[in-house]
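Novice: Here it is, the structure in full.
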Amino acid sequence: MKIVVDENIPFAQQILSQHGEVVAVDGRTMQPQQLVDADALLVRSVTKVNRQLLSQANKLKFVGTATIGTEHVDQTLLNDQGIAFASAPGCNSIAVGEYVATALLAAAEYRQQPLAGKSIAIVGAGNTGSQVAIRAAALGMQVMLYDPPLAEKGGLATSVSFEQVIASDVISLHVPSTKTGKYPSYHLFNQQVLSKLKPDQILINACRGEVIDNQALLEIAEQGQSPLLVLDVWEGEPIILEPLVKYAFIATPHIAGYSLEGKMRGTSMVYQAMCQALQIEANDLSEKLLPEPEFSQIALKGELTESQLSKLTQLVYNIFADDRRFRQHGASPTGFDKLRKFYPQRREFSALQVVNQHKQANLGALGFNIQENK
């Protein structure tokens with residue numbers, strides 16, 4: 001069997017090589033001729049799986065994307081050609097939740113304003129939005145969910161209005177990119193909406209760049225009227241609106257979900273789906289391939305303040321290191337892609353065992369591995 005895989009899908013070659021020939025390629029520059037005689041194709045969001053790419057795929061039976069988003073894949077085309085398809089919904093939701101929690105704690109420390117009691121409106125209450133909600137609640141925030149499509153399907157008990165969203169202390173975006181349908185997300189935050197936001201608010205985008213009109217945001221930021229900005233995604237990636245970067249409190253190159261555990265889950269999910277589709281026996285090696293973390297245990301002697309909790313989160317994930325690298329090297333298209341391609345190993349909070357003499361419930365809810373000291 002021949003399996004073509006994006007070279008940046010972690011551990012894919014080790015896991016897949018037991019089933020045949022693995023051809024690792026650059027996902028952004030993948031060419032049709034590379035799919036000749038391929039039985040399976042594993043990609044990330046940088047690869048547009050369309051008619052042109054598949055024009056020479058004479059044996060293709062399965063396409064998998066190791067991402068939660070699927071807008072880069074023409075699923076209608078795959079269905080018409082009898083090619084099985086799978087994605088990895090929720091694979092990096094924990095990582096994004098931890099990114100947002102880390103950013104929130106850093107913002108609170110920067111402004112010297114506690115998060116407890118503040119309102120946060122989470123736009124999009126799916127896998128990722130739900131993980132953000134868990135962590136925001138653990139920080140003592142008032143959580144509000146806005147997801148009209150999910151609410152209409154009966155999948156959301158309570159949904160606030162959009163007016164309540166734009167009036168909240170924090171707005172965190174977690175929706176797919178859509179231009180059609182009843183609730184398109186493209187430029188959901190346009191000039192009209194952005195003009196209603198205040199500098200004392202926080203606006204976080206860790207879903208898709210085009211959910212915010214970046215040019216309109218830049219104009220408002222230049223006037224000193226934008227909220228405190230945490231931007232992980234950018235309209236037009238990898239070609240971004242470079243002047244906007246300097247106005248962000250935290251700026252990163254679409255890596256909010258880039259934990260090692262999250263990447264591993266994505267690889268594992270599409271691997272399992274591939275085996276099922278091609279009727280081969282799965283032998284998932286992902287758990288064995290996960291390396292030991294740099295820091296595995298820490299002992300706490302008392303209750304943590306928000307400032308101390310911020311330092312604890314950054315012990316596992318140094319969000320400002322990502323911010324510095326991006327500002328120094330990531331504004332160009334090649335720099336943006338290079339930072340993502342060579343992203344350093346980042347672990348999730350669960351990799352750190354916290355020995356806690358005083359039970360602090362929010363540590364477990366935030367995702368840390370709690371070991372009670374009896």
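Labels used: A, B, ... for chains in the order of the structure tokens, numbers from 1 for residues in each chain, and numbers from 1 for ligands as shown.
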Please produce, as a Markdown table, a per-residue contact table for segment 4-116 of chain A versus segment 327-343 of chain A (criterion: any atom at most 10 Å away, only C-alpha atoms considered), showing the nearest atom pair and its distance in Å to one decimal, sorted by chain then residue number.

Specialist:
| residue | atom | partner | partner_atom | distance |
| --- | --- | --- | --- | --- |
| A:Glu7 | CA | A:Lys341 | CA | 9.0 |
| A:Asn8 | CA | A:Lys341 | CA | 6.3 |
| A:Ile9 | CA | A:Lys341 | CA | 9.6 |
| A:Asp26 | CA | A:Lys341 | CA | 9.7 |
| A:Arg28 | CA | A:Asp337 | CA | 9.1 |
| A:Val46 | CA | A:Asp337 | CA | 9.5 |

Novice: Would you export the selected residues with N, CA and C atoms as a CSV table (one decimal), in the first residue's frame, please?

Specialist:
chain,number,residue,atom,x,y,z
A,7,GLU,N,4.2,15.9,5.6
A,7,GLU,CA,5.4,15.7,6.4
A,7,GLU,C,5.3,16.3,7.8
A,8,ASN,N,4.4,17.1,8.1
A,8,ASN,CA,4.3,17.8,9.4
A,8,ASN,C,3.2,17.1,10.3
A,9,ILE,N,2.6,16.0,9.9
A,9,ILE,CA,1.8,15.3,10.7
A,9,ILE,C,2.6,14.4,11.6
A,26,ASP,N,5.5,18.0,1.3
A,26,ASP,CA,5.2,19.3,1.8
A,26,ASP,C,3.7,19.5,1.5
A,28,ARG,N,1.7,22.1,1.8
A,28,ARG,CA,1.3,23.3,1.1
A,28,ARG,C,1.6,23.3,-0.4
A,46,VAL,N,-3.5,23.0,5.4
A,46,VAL,CA,-2.8,23.8,4.4
A,46,VAL,C,-3.0,23.2,3.0

Novice: Extract, using only C-alpha atoms, all DNA, RNA and protein residues at most 9 Å from segment 175-182 of chain A, discarding same-chain residues fewer than 6 positions from it, and format them as a CSV table (one decimal) with C-alpha atoms, in the first residue's frame.

Specialist:
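The result, written out as around.csv:
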chain,number,residue,atom,x,y,z
A,69,GLY,CA,-11.6,21.9,10.2
A,70,THR,CA,-12.7,20.4,6.9
A,71,GLU,CA,-13.3,23.4,4.7
A,123,VAL,CA,-18.8,32.2,20.1
A,124,GLY,CA,-19.1,28.6,19.0
A,125,ALA,CA,-20.0,25.9,21.6
A,126,GLY,CA,-18.6,22.9,19.8
A,128,THR,CA,-13.2,23.7,21.3
A,129,GLY,CA,-15.7,26.2,22.7
A,147,ASP,CA,-24.1,29.2,19.0
A,149,PRO,CA,-27.0,26.7,14.8
A,206,ALA,CA,-8.3,31.1,17.9
A,207,CYS,CA,-10.5,29.7,15.1
A,208,ARG,CA,-10.2,31.2,11.6
A,209,GLY,CA,-8.7,34.6,10.8
A,210,GLU,CA,-11.5,35.7,8.4
A,211,VAL,CA,-14.1,35.6,11.2

Novice: Which of segment 226-347 of chain A end up as strand (DSSP E) when DSSP is run on this backbone - answer as a list in words?

Specialist: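 Filtering segment 226-347 of chain A to strand (DSSP E) leaves Leu228, Leu229, Val230, Leu231, Ile250, Ala251, Gln297, Ile298, Ala299 and Leu300 of chain A.
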
Novice: For Ile255 of chain A, please output as a PyMOL selection string all residues within 10 Å (counting only C-alpha atoms; exclusion window: fewer than 2 positions along the same chain).

Specialist: chain A and resi 95-96+99+206+232-233+252-253+257-259+322+339-340+343

Novice: Give the answer as one residue: which of A:Leu304, A:Leu54, A:Ala151, A:Ala157 has the shortest atom-to-atom distance to Gln31 of chain A, using only C-alpha atoms?

Specialist: A:Leu54

Novice: Give the alpha helix (DSSP H) residues of segment 59-299 of chain A, as DSSP finds them on the backbone, and put them as a ChimeraX atom specification.

Specialist: /A:75-80,93-111,127-138,148-152,162-166,191-194,214-222,260-278,286-289

Novice: Enter the distance from atom CA of Glu219 of chain A to atom CA of Tyr146 of chain A, in Å, rounded to one decimal.

Specialist: 26.2 Å

Novice: Quick one: residues within 7 Å of Gly367 of chain A, only C-alpha atoms counted, chain neighbours fewer than 2 positions away excluded, as a list of chain:residue names?

Specialist: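 Surrounding residues, per the criterion: A:Phe349, A:Ser350, A:Leu363, A:Gly364, A:Ala365, A:Asn369.
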
Novice: Looking at A:Arg111, A:Pro238, A:Ala138, A:Ala116, which one is nearest to Gln201 of chain A, with distances taken over only C-alpha atoms?

Specialist: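 So, comparing all the options, the nearest one is A:Arg111.
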
Novice: Pick out the closest residue to Leu312 of chain A from this set: A:Asp74, A:Glu21, A:Glu98, A:Asp37. Count only C-alpha atoms.

Specialist: A:Glu98

Novice: For atom CA of Asp284 of chain A and atom CA of Ala12 of chain A, determine how far apart the two atoms are, in Å to one decimal place.

Specialist: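 For atom CA of Asp284 of chain A relative to atom CA of Ala12 of chain A, the distance reads 10.4 Å.
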
Novice: Can you tell me how far atom CA of Tyr110 of chain A sits from atom CA of Gly302 of chain A, in Å to one decimal?

Specialist: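 According to the coordinates, atom CA of Tyr110 of chain A and atom CA of Gly302 of chain A are separated by 23.2 Å.
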
Novice: Give me the residues near Glu261 of chain A as a PyMOL selection string, where near means some atom within 8 Å (using only C-alpha atoms) and where sequence neighbours in that chain fewer than 4 positions away do not count.

Specialist: chain A and resi 92+265+290+347-348

Novice: Which residues are close to Met269 of chain A, i.e. within 12 Å by only C-alpha atoms, leaving aside same-chain residues fewer than 2 positions away? Reply as a PyMOL selection string.

Specialist: chain A and resi 12+15+42+64-68+85-92+262-267+271-276+282+284+286

Novice: Might you pull out every residue within 12 Å of Ala121 of chain A, with only C-alpha atoms counted and same-chain residues fewer than 4 positions away left off, and present them as a PyMOL selection string?

Specialist: chain A and resi 125+129-130+132-133+136-137+141-147+159-174+201-204
